[in-house]
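Listing of target.cif; format and content: mmCIF, N, CA and C atoms.
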```
data_my_file
#
loop_
_atom_site.label_atom_id
_atom_site.label_comp_id
_atom_site.auth_asym_id
_atom_site.auth_seq_id
_atom_site.Cartn_x
_atom_site.Cartn_y
_atom_site.Cartn_z
N MET A 6 208.50 67.47 152.62
CA MET A 6 208.55 66.01 152.68
C MET A 6 208.42 65.52 154.12
N VAL A 7 209.20 66.11 155.03
CA VAL A 7 209.12 65.72 156.45
C VAL A 7 207.75 66.08 157.01
N GLN A 8 207.20 67.24 156.60
CA GLN A 8 205.88 67.66 157.06
C GLN A 8 204.82 66.65 156.62
N GLN A 9 204.89 66.18 155.37
CA GLN A 9 203.93 65.19 154.88
C GLN A 9 204.07 63.89 155.66
N ARG A 10 205.31 63.49 155.94
CA ARG A 10 205.55 62.25 156.69
C ARG A 10 204.98 62.37 158.09
N ALA A 11 205.15 63.52 158.74
CA ALA A 11 204.62 63.75 160.08
C ALA A 11 203.10 63.67 160.08
N GLN A 12 202.46 64.28 159.09
CA GLN A 12 201.00 64.23 159.01
C GLN A 12 200.52 62.79 158.77
N ALA A 13 201.25 62.05 157.95
CA ALA A 13 200.88 60.66 157.68
C ALA A 13 201.00 59.83 158.96
N VAL A 14 202.04 60.05 159.74
CA VAL A 14 202.21 59.31 160.99
C VAL A 14 201.12 59.70 161.98
N ASP A 15 200.81 61.00 162.07
CA ASP A 15 199.74 61.47 162.97
C ASP A 15 198.42 60.77 162.65
N SER A 16 198.08 60.65 161.38
CA SER A 16 196.80 60.06 161.00
C SER A 16 196.77 58.55 161.28
N LEU A 17 197.92 57.90 161.28
CA LEU A 17 197.97 56.47 161.57
C LEU A 17 197.56 56.15 163.00
N TYR A 18 197.80 57.08 163.91
CA TYR A 18 197.49 56.85 165.31
C TYR A 18 196.03 56.42 165.49
N ASP A 19 195.13 57.05 164.78
CA ASP A 19 193.70 56.75 164.90
C ASP A 19 193.25 55.57 164.04
N THR A 20 194.01 55.24 163.00
CA THR A 20 193.54 54.22 162.07
C THR A 20 194.25 52.88 162.20
N ASP A 21 195.53 52.89 162.58
CA ASP A 21 196.30 51.65 162.66
C ASP A 21 197.42 51.83 163.68
N GLU A 22 197.11 51.51 164.94
CA GLU A 22 198.05 51.77 166.03
C GLU A 22 199.39 51.06 165.83
N THR A 23 199.36 49.83 165.35
CA THR A 23 200.62 49.10 165.15
C THR A 23 201.47 49.77 164.09
N ALA A 24 200.86 50.18 162.99
CA ALA A 24 201.61 50.90 161.96
C ALA A 24 202.15 52.21 162.51
N TRP A 25 201.35 52.90 163.34
CA TRP A 25 201.81 54.14 163.96
C TRP A 25 203.03 53.88 164.85
N LEU A 26 202.97 52.81 165.64
CA LEU A 26 204.11 52.47 166.51
C LEU A 26 205.36 52.18 165.69
N GLU A 27 205.21 51.41 164.62
CA GLU A 27 206.36 51.08 163.78
C GLU A 27 206.93 52.33 163.13
N ALA A 28 206.06 53.19 162.62
CA ALA A 28 206.52 54.42 161.96
C ALA A 28 207.19 55.34 162.97
N THR A 29 206.61 55.44 164.15
CA THR A 29 207.19 56.31 165.19
C THR A 29 208.54 55.77 165.62
N ALA A 30 208.66 54.47 165.80
CA ALA A 30 209.95 53.87 166.17
C ALA A 30 211.00 54.16 165.11
N GLU A 31 210.61 54.06 163.85
CA GLU A 31 211.56 54.35 162.76
C GLU A 31 211.98 55.82 162.79
N LEU A 32 211.04 56.73 163.00
CA LEU A 32 211.38 58.16 163.08
C LEU A 32 212.33 58.42 164.24
N VAL A 33 212.12 57.77 165.35
CA VAL A 33 213.01 57.95 166.51
C VAL A 33 214.39 57.40 166.19
N ARG A 34 214.44 56.19 165.60
CA ARG A 34 215.73 55.60 165.22
C ARG A 34 216.52 56.53 164.29
N LEU A 35 215.78 57.15 163.36
CA LEU A 35 216.43 58.05 162.40
C LEU A 35 216.67 59.45 162.99
N ARG A 36 216.18 59.67 164.19
CA ARG A 36 216.31 60.96 164.89
C ARG A 36 215.63 62.10 164.13
N HIS A 37 214.51 61.75 163.55
CA HIS A 37 213.68 62.76 162.85
C HIS A 37 212.66 63.29 163.86
N TRP A 38 213.18 64.00 164.85
CA TRP A 38 212.35 64.44 165.98
C TRP A 38 211.18 65.33 165.54
N GLU A 39 211.41 66.13 164.51
CA GLU A 39 210.36 67.06 164.05
C GLU A 39 209.16 66.31 163.47
N ALA A 40 209.36 65.07 163.06
CA ALA A 40 208.29 64.30 162.46
C ALA A 40 207.58 63.38 163.46
N VAL A 41 208.12 63.28 164.67
CA VAL A 41 207.53 62.41 165.69
C VAL A 41 206.24 63.03 166.20
N ASP A 42 205.23 62.22 166.30
CA ASP A 42 203.92 62.61 166.85
C ASP A 42 204.07 62.64 168.37
N ALA A 43 204.68 63.70 168.88
CA ALA A 43 205.08 63.78 170.29
C ALA A 43 203.90 63.69 171.25
N ALA A 44 202.81 64.34 170.94
CA ALA A 44 201.66 64.34 171.86
C ALA A 44 201.11 62.92 172.02
N HIS A 45 200.92 62.23 170.91
CA HIS A 45 200.40 60.86 171.00
C HIS A 45 201.44 59.91 171.59
N LEU A 46 202.71 60.13 171.28
CA LEU A 46 203.76 59.28 171.83
C LEU A 46 203.80 59.41 173.35
N ALA A 47 203.72 60.62 173.86
CA ALA A 47 203.71 60.84 175.30
C ALA A 47 202.50 60.16 175.94
N GLU A 48 201.34 60.31 175.31
CA GLU A 48 200.12 59.67 175.81
C GLU A 48 200.27 58.15 175.82
N TYR A 49 200.82 57.61 174.76
CA TYR A 49 201.00 56.17 174.65
C TYR A 49 201.96 55.65 175.71
N LEU A 50 203.06 56.36 175.92
CA LEU A 50 204.04 55.94 176.93
C LEU A 50 203.44 56.00 178.34
N ASP A 51 202.66 57.03 178.63
CA ASP A 51 201.96 57.12 179.91
C ASP A 51 201.01 55.95 180.09
N ASP A 52 200.28 55.61 179.02
CA ASP A 52 199.35 54.48 179.08
C ASP A 52 200.09 53.17 179.35
N MET A 53 201.26 53.00 178.74
CA MET A 53 202.05 51.79 178.96
C MET A 53 202.49 51.69 180.42
N ALA A 54 202.93 52.80 180.98
CA ALA A 54 203.35 52.79 182.38
C ALA A 54 202.18 52.45 183.30
N ARG A 55 201.00 53.03 183.04
CA ARG A 55 199.81 52.71 183.84
C ARG A 55 199.43 51.25 183.69
N ARG A 56 199.54 50.72 182.48
CA ARG A 56 199.22 49.31 182.23
C ARG A 56 200.13 48.40 183.04
N ASP A 57 201.41 48.71 183.04
CA ASP A 57 202.36 47.90 183.80
C ASP A 57 202.05 47.94 185.29
N LYS A 58 201.69 49.12 185.78
CA LYS A 58 201.35 49.24 187.21
C LYS A 58 200.07 48.47 187.53
N ARG A 59 199.08 48.55 186.65
CA ARG A 59 197.84 47.78 186.86
C ARG A 59 198.14 46.29 186.89
N GLU A 60 199.03 45.86 186.02
CA GLU A 60 199.38 44.44 185.97
C GLU A 60 200.06 43.99 187.26
N VAL A 61 200.95 44.81 187.78
CA VAL A 61 201.61 44.49 189.05
C VAL A 61 200.58 44.36 190.16
N LEU A 62 199.69 45.34 190.26
CA LEU A 62 198.66 45.30 191.31
C LEU A 62 197.77 44.08 191.15
N SER A 63 197.32 43.80 189.95
CA SER A 63 196.44 42.67 189.70
C SER A 63 197.11 41.34 190.04
N ARG A 64 198.33 41.16 189.57
CA ARG A 64 199.04 39.90 189.82
C ARG A 64 199.35 39.71 191.30
N LEU A 65 199.70 40.79 191.99
CA LEU A 65 199.94 40.70 193.43
C LEU A 65 198.67 40.31 194.16
N ALA A 66 197.54 40.88 193.78
CA ALA A 66 196.27 40.57 194.43
C ALA A 66 195.91 39.10 194.22
N VAL A 67 196.07 38.60 193.00
CA VAL A 67 195.78 37.18 192.72
C VAL A 67 196.70 36.29 193.54
N LEU A 68 197.98 36.63 193.57
CA LEU A 68 198.95 35.86 194.35
C LEU A 68 198.55 35.84 195.83
N ILE A 69 198.24 36.99 196.38
CA ILE A 69 197.87 37.08 197.79
C ILE A 69 196.60 36.28 198.07
N ALA A 70 195.61 36.38 197.20
CA ALA A 70 194.37 35.61 197.39
C ALA A 70 194.68 34.11 197.47
N HIS A 71 195.55 33.64 196.60
CA HIS A 71 195.88 32.21 196.60
C HIS A 71 196.74 31.82 197.80
N LEU A 72 197.62 32.72 198.23
CA LEU A 72 198.39 32.44 199.44
C LEU A 72 197.47 32.37 200.66
N LEU A 73 196.47 33.22 200.70
CA LEU A 73 195.49 33.18 201.80
C LEU A 73 194.68 31.89 201.74
N LYS A 74 194.24 31.50 200.55
CA LYS A 74 193.49 30.25 200.43
C LYS A 74 194.35 29.08 200.90
N TRP A 75 195.62 29.08 200.50
CA TRP A 75 196.54 28.01 200.88
C TRP A 75 196.70 27.96 202.40
N ARG A 76 196.83 29.12 203.01
CA ARG A 76 197.06 29.20 204.46
C ARG A 76 195.80 28.88 205.27
N PHE A 77 194.66 29.40 204.86
CA PHE A 77 193.46 29.31 205.68
C PHE A 77 192.48 28.21 205.25
N GLN A 78 192.79 27.50 204.20
CA GLN A 78 191.98 26.36 203.78
C GLN A 78 192.88 25.17 203.44
N PRO A 79 193.69 24.72 204.38
CA PRO A 79 194.64 23.64 204.07
C PRO A 79 193.96 22.35 203.61
N GLU A 80 192.75 22.11 204.06
CA GLU A 80 192.04 20.89 203.68
C GLU A 80 191.56 20.93 202.23
N ARG A 81 191.59 22.11 201.60
CA ARG A 81 191.09 22.24 200.23
C ARG A 81 192.20 22.52 199.21
N ARG A 82 193.43 22.44 199.64
CA ARG A 82 194.56 22.75 198.76
C ARG A 82 194.54 21.89 197.50
N THR A 83 194.89 22.55 196.39
CA THR A 83 194.95 21.84 195.11
C THR A 83 196.24 22.20 194.39
N ARG A 84 196.58 21.37 193.43
CA ARG A 84 197.74 21.67 192.58
C ARG A 84 197.49 22.97 191.80
N SER A 85 196.23 23.22 191.49
CA SER A 85 195.87 24.43 190.75
C SER A 85 196.25 25.68 191.56
N TRP A 86 195.99 25.67 192.85
CA TRP A 86 196.37 26.81 193.69
C TRP A 86 197.89 26.97 193.69
N GLN A 87 198.58 25.86 193.82
CA GLN A 87 200.04 25.88 193.83
C GLN A 87 200.57 26.41 192.50
N GLU A 88 199.96 25.97 191.43
CA GLU A 88 200.36 26.43 190.10
C GLU A 88 200.12 27.93 189.94
N THR A 89 198.96 28.41 190.41
CA THR A 89 198.66 29.84 190.32
C THR A 89 199.69 30.66 191.10
N VAL A 90 200.04 30.20 192.28
CA VAL A 90 201.07 30.89 193.07
C VAL A 90 202.37 30.96 192.28
N GLU A 91 202.78 29.85 191.71
CA GLU A 91 204.04 29.81 190.97
C GLU A 91 204.00 30.70 189.73
N VAL A 92 202.92 30.64 188.97
CA VAL A 92 202.81 31.46 187.75
C VAL A 92 202.84 32.95 188.10
N GLN A 93 202.08 33.35 189.11
CA GLN A 93 202.06 34.76 189.49
C GLN A 93 203.44 35.21 189.96
N ARG A 94 204.12 34.37 190.72
CA ARG A 94 205.47 34.71 191.18
C ARG A 94 206.43 34.86 190.00
N GLN A 95 206.35 33.95 189.04
CA GLN A 95 207.23 34.05 187.87
C GLN A 95 206.96 35.33 187.08
N GLU A 96 205.69 35.61 186.84
CA GLU A 96 205.34 36.81 186.07
C GLU A 96 205.76 38.08 186.82
N LEU A 97 205.52 38.11 188.12
CA LEU A 97 205.93 39.27 188.91
C LEU A 97 207.45 39.42 188.94
N ASP A 98 208.15 38.30 188.99
CA ASP A 98 209.61 38.35 188.97
C ASP A 98 210.10 39.06 187.72
N GLU A 99 209.48 38.74 186.59
CA GLU A 99 209.84 39.41 185.32
C GLU A 99 209.51 40.90 185.36
N LEU A 100 208.29 41.22 185.80
CA LEU A 100 207.87 42.62 185.85
C LEU A 100 208.74 43.44 186.81
N LEU A 101 209.09 42.84 187.93
CA LEU A 101 209.79 43.59 188.97
C LEU A 101 211.29 43.68 188.73
N ASP A 102 211.74 43.20 187.57
CA ASP A 102 213.12 43.49 187.15
C ASP A 102 213.29 44.99 186.99
N SER A 103 212.19 45.66 186.69
CA SER A 103 212.20 47.12 186.60
C SER A 103 212.21 47.69 188.01
N GLY A 104 213.23 48.46 188.32
CA GLY A 104 213.34 49.05 189.65
C GLY A 104 212.15 49.90 190.03
N SER A 105 211.62 50.66 189.09
CA SER A 105 210.48 51.51 189.42
C SER A 105 209.23 50.67 189.70
N LEU A 106 209.06 49.55 189.00
CA LEU A 106 207.90 48.69 189.28
C LEU A 106 208.08 47.95 190.60
N ARG A 107 209.31 47.62 190.96
CA ARG A 107 209.55 47.00 192.27
C ARG A 107 209.20 48.00 193.37
N ASN A 108 209.64 49.24 193.21
CA ASN A 108 209.29 50.28 194.19
C ASN A 108 207.78 50.46 194.27
N TYR A 109 207.12 50.44 193.12
CA TYR A 109 205.67 50.57 193.08
C TYR A 109 205.02 49.41 193.83
N ALA A 110 205.51 48.20 193.61
CA ALA A 110 204.95 47.02 194.29
C ALA A 110 205.08 47.16 195.80
N GLU A 111 206.20 47.68 196.25
CA GLU A 111 206.38 47.93 197.69
C GLU A 111 205.34 48.93 198.19
N GLU A 112 205.13 49.98 197.41
CA GLU A 112 204.18 51.04 197.79
C GLU A 112 202.75 50.53 197.89
N ILE A 113 202.35 49.65 196.98
CA ILE A 113 200.94 49.25 196.89
C ILE A 113 200.68 47.87 197.49
N LEU A 114 201.64 47.32 198.22
CA LEU A 114 201.44 46.00 198.80
C LEU A 114 200.18 45.97 199.68
N GLY A 115 199.94 47.02 200.45
CA GLY A 115 198.75 47.08 201.29
C GLY A 115 197.47 47.04 200.46
N LYS A 116 197.44 47.80 199.38
CA LYS A 116 196.27 47.81 198.50
C LYS A 116 196.09 46.45 197.83
N ALA A 117 197.19 45.85 197.39
CA ALA A 117 197.13 44.52 196.78
C ALA A 117 196.60 43.51 197.78
N TYR A 118 197.00 43.64 199.04
CA TYR A 118 196.52 42.75 200.08
C TYR A 118 195.01 42.90 200.24
N THR A 119 194.54 44.15 200.32
CA THR A 119 193.11 44.41 200.44
C THR A 119 192.35 43.79 199.27
N ASN A 120 192.85 43.98 198.06
CA ASN A 120 192.21 43.39 196.87
C ASN A 120 192.26 41.87 196.93
N GLY A 121 193.39 41.32 197.38
CA GLY A 121 193.52 39.87 197.50
C GLY A 121 192.55 39.30 198.53
N VAL A 122 192.35 40.02 199.63
CA VAL A 122 191.39 39.58 200.64
C VAL A 122 189.98 39.57 200.04
N ARG A 123 189.64 40.59 199.29
CA ARG A 123 188.32 40.63 198.65
C ARG A 123 188.13 39.44 197.70
N GLN A 124 189.18 39.10 196.93
CA GLN A 124 189.10 37.93 196.05
C GLN A 124 188.96 36.65 196.87
N PHE A 125 189.74 36.55 197.94
CA PHE A 125 189.69 35.39 198.83
C PHE A 125 188.28 35.19 199.38
N VAL A 126 187.67 36.26 199.87
CA VAL A 126 186.32 36.21 200.43
C VAL A 126 185.32 35.78 199.35
N ALA A 127 185.44 36.37 198.16
CA ALA A 127 184.52 36.05 197.07
C ALA A 127 184.65 34.59 196.64
N GLU A 128 185.86 34.06 196.62
CA GLU A 128 186.09 32.70 196.15
C GLU A 128 185.78 31.64 197.20
N THR A 129 185.96 31.97 198.47
CA THR A 129 185.83 30.95 199.52
C THR A 129 184.53 31.04 200.29
N GLY A 130 183.90 32.20 200.30
CA GLY A 130 182.71 32.39 201.11
C GLY A 130 183.03 32.61 202.58
N LEU A 131 184.31 32.62 202.92
CA LEU A 131 184.71 32.89 204.30
C LEU A 131 184.59 34.38 204.59
N LEU A 132 184.53 34.71 205.84
CA LEU A 132 184.42 36.11 206.23
C LEU A 132 185.78 36.80 206.17
N GLU A 133 185.74 38.08 205.89
CA GLU A 133 186.96 38.89 205.85
C GLU A 133 187.69 38.85 207.19
N THR A 134 186.92 38.67 208.27
CA THR A 134 187.52 38.64 209.61
C THR A 134 188.31 37.37 209.87
N SER A 135 188.26 36.41 208.94
CA SER A 135 189.01 35.17 209.13
C SER A 135 190.48 35.30 208.73
N VAL A 136 190.85 36.46 208.19
CA VAL A 136 192.25 36.70 207.80
C VAL A 136 192.75 37.97 208.48
N PRO A 137 194.06 38.14 208.60
CA PRO A 137 194.59 39.36 209.22
C PRO A 137 194.12 40.62 208.48
N ASN A 138 193.99 41.71 209.23
CA ASN A 138 193.56 43.00 208.65
C ASN A 138 194.58 43.57 207.69
N GLU A 139 195.85 43.31 207.96
CA GLU A 139 196.93 43.86 207.14
C GLU A 139 197.87 42.75 206.72
N CYS A 140 198.57 43.00 205.65
CA CYS A 140 199.55 42.04 205.15
C CYS A 140 200.66 41.86 206.19
N GLU A 141 200.89 40.63 206.58
CA GLU A 141 201.90 40.33 207.59
C GLU A 141 203.25 39.99 206.98
N SER A 142 203.34 40.02 205.67
CA SER A 142 204.56 39.62 204.97
C SER A 142 205.15 40.80 204.20
N SER A 143 206.45 40.75 204.02
CA SER A 143 207.11 41.72 203.16
C SER A 143 206.87 41.32 201.71
N LEU A 144 207.16 42.23 200.81
CA LEU A 144 207.03 41.91 199.39
C LEU A 144 207.89 40.70 199.04
N ASP A 145 209.12 40.67 199.52
CA ASP A 145 210.00 39.54 199.20
C ASP A 145 209.43 38.22 199.70
N GLU A 146 208.79 38.23 200.87
CA GLU A 146 208.18 37.01 201.40
C GLU A 146 207.00 36.58 200.53
N VAL A 147 206.17 37.54 200.13
CA VAL A 147 205.03 37.22 199.26
C VAL A 147 205.54 36.60 197.96
N LEU A 148 206.64 37.13 197.47
CA LEU A 148 207.15 36.69 196.17
C LEU A 148 207.94 35.38 196.21
N SER A 149 208.39 34.97 197.43
CA SER A 149 209.28 33.81 197.41
C SER A 149 209.15 32.84 198.57
N ALA A 150 208.41 33.14 199.61
CA ALA A 150 208.33 32.22 200.75
C ALA A 150 207.75 30.88 200.30
N PRO A 151 208.37 29.79 200.72
CA PRO A 151 207.83 28.48 200.34
C PRO A 151 206.43 28.28 200.91
N LEU A 152 205.61 27.55 200.17
CA LEU A 152 204.27 27.22 200.65
C LEU A 152 204.40 26.22 201.78
N GLU A 153 203.65 26.45 202.84
CA GLU A 153 203.65 25.52 203.98
C GLU A 153 203.00 24.22 203.56
N GLU A 154 203.54 23.15 204.03
CA GLU A 154 202.92 21.83 203.81
C GLU A 154 202.37 21.38 205.15
N SER A 155 201.07 21.18 205.20
CA SER A 155 200.48 20.64 206.44
C SER A 155 199.20 19.92 206.17
#
```
Starting from the file, give its structure as structure tokens.
Amino acid sequence: MVQQRAQAVDSLYDTDETAWLEATAELVRLRHWEAVDAAHLAEYLDDMARRDKREVLSRLAVLIAHLLKWRFQPERRTRSWQETVEVQRQELDELLDSGSLRNYAEEILGKAYTNGVRQFVAETGLLETSVPNECESSLDEVLSAPLEES
């Protein structure tokens, strides 16, 4: 019976991921470890961790691009830029409740800055040399420093 249930759960992985997740969660709750599709579960959990890290990097880059636009194009400031900064900060605040994702954000701040500069250049047409080569702010400053009004 358990063997049949395990095979049924294994086959769900390829045909109905949501049903597979629900069935796997139920097996874990019931502590039916022998029936858990361990290989796919491990793969799925790894994918979730990578997804969360990609989201942190992406959101940081978008935030940095908008902070650069705000700083280096004061004459073009819009409520939309301000809103984007606020939304990215709120979303990152939620994500970075996880200690490991906060540590990851600290580690990749330089890469996020580089990506943000590339977005800034693409959106504004300004040269990369018009902004600092490296991020001049700490993660906490990027996440919470008030926008300058000028």
- [ ] Specify as a list of chain:residue names each residue included when the PyMOL selection byres ((chain A and resi 134-139) around 8) is applied to this file.
- [x] A:Leu73, A:Phe77, A:Gly115, A:Tyr118, A:Thr119, A:Val122, A:Leu131, A:Leu132, A:Glu133, A:Cys140, A:Glu141, A:Ser142
- [ ] Give the answer as one residue: which of A:Arg34, A:Thr83, A:Ala117, A:Leu106 has the shortest atom-to-atom distance to A:Ser63, using only N, CA and C atoms?
- [x]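 Going through A:Arg34, A:Thr83, A:Ala117, A:Leu106 one by one, the smallest distance to A:Ser63 is for A:Ala117.
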TODO: To one decimal in Å, tell me the separation between atom CA of A:Glu22 and atom CA of A:Glu48.
DONE: 12.7 Å
TODO: Find the residue from A:Val61, A:Leu17, A:Ala70, A:Trp25 that sits nearest to A:Leu101; use all atoms listed in the file when measuring.
DONE: A:Val61
- [ ] Work out how far atom N of A:Leu62 is from atom CA of A:Glu96, in Å to one decimal.
- [x]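 So the answer is 11.1 Å.
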Open item on the list: Would you pick out the contacts of A:Arg94 at 8 Å or less, using only C-alpha atoms, so that residues sharing its chain but fewer than 5 positions from it are not included, and give the list as a list in words?
Closed with: Leu68, Leu148 and Ser149 of chain A
- [ ] Give me, please, the distance in Å between atom N of A:Leu32 and atom CA of A:Asp57, quoted to one decimal.
- [x] 24.2 Å
TODO: List the residues matched by the PyMOL selection byres (((chain A and resi 74 and name CA) around 12) and name CA) in the displayed structure as JSON, numbers by chain, ordered by chain and then by residue number.
DONE: {"A": [67, 68, 69, 70, 71, 72, 73, 75, 76, 77, 78, 79, 80, 81, 82, 83, 85, 86, 87, 89, 90, 121, 122, 123, 124, 125, 126, 127, 128, 129, 130, 131, 135, 136, 152, 153]}
- [ ] Check the DSSP output for the backbone and give back, as a ChimeraX atom specification, the residues of chain A in alpha helix (DSSP H).
- [x] /A:7-20,22-34,43-77,84-100,104-112,114-129,144-149
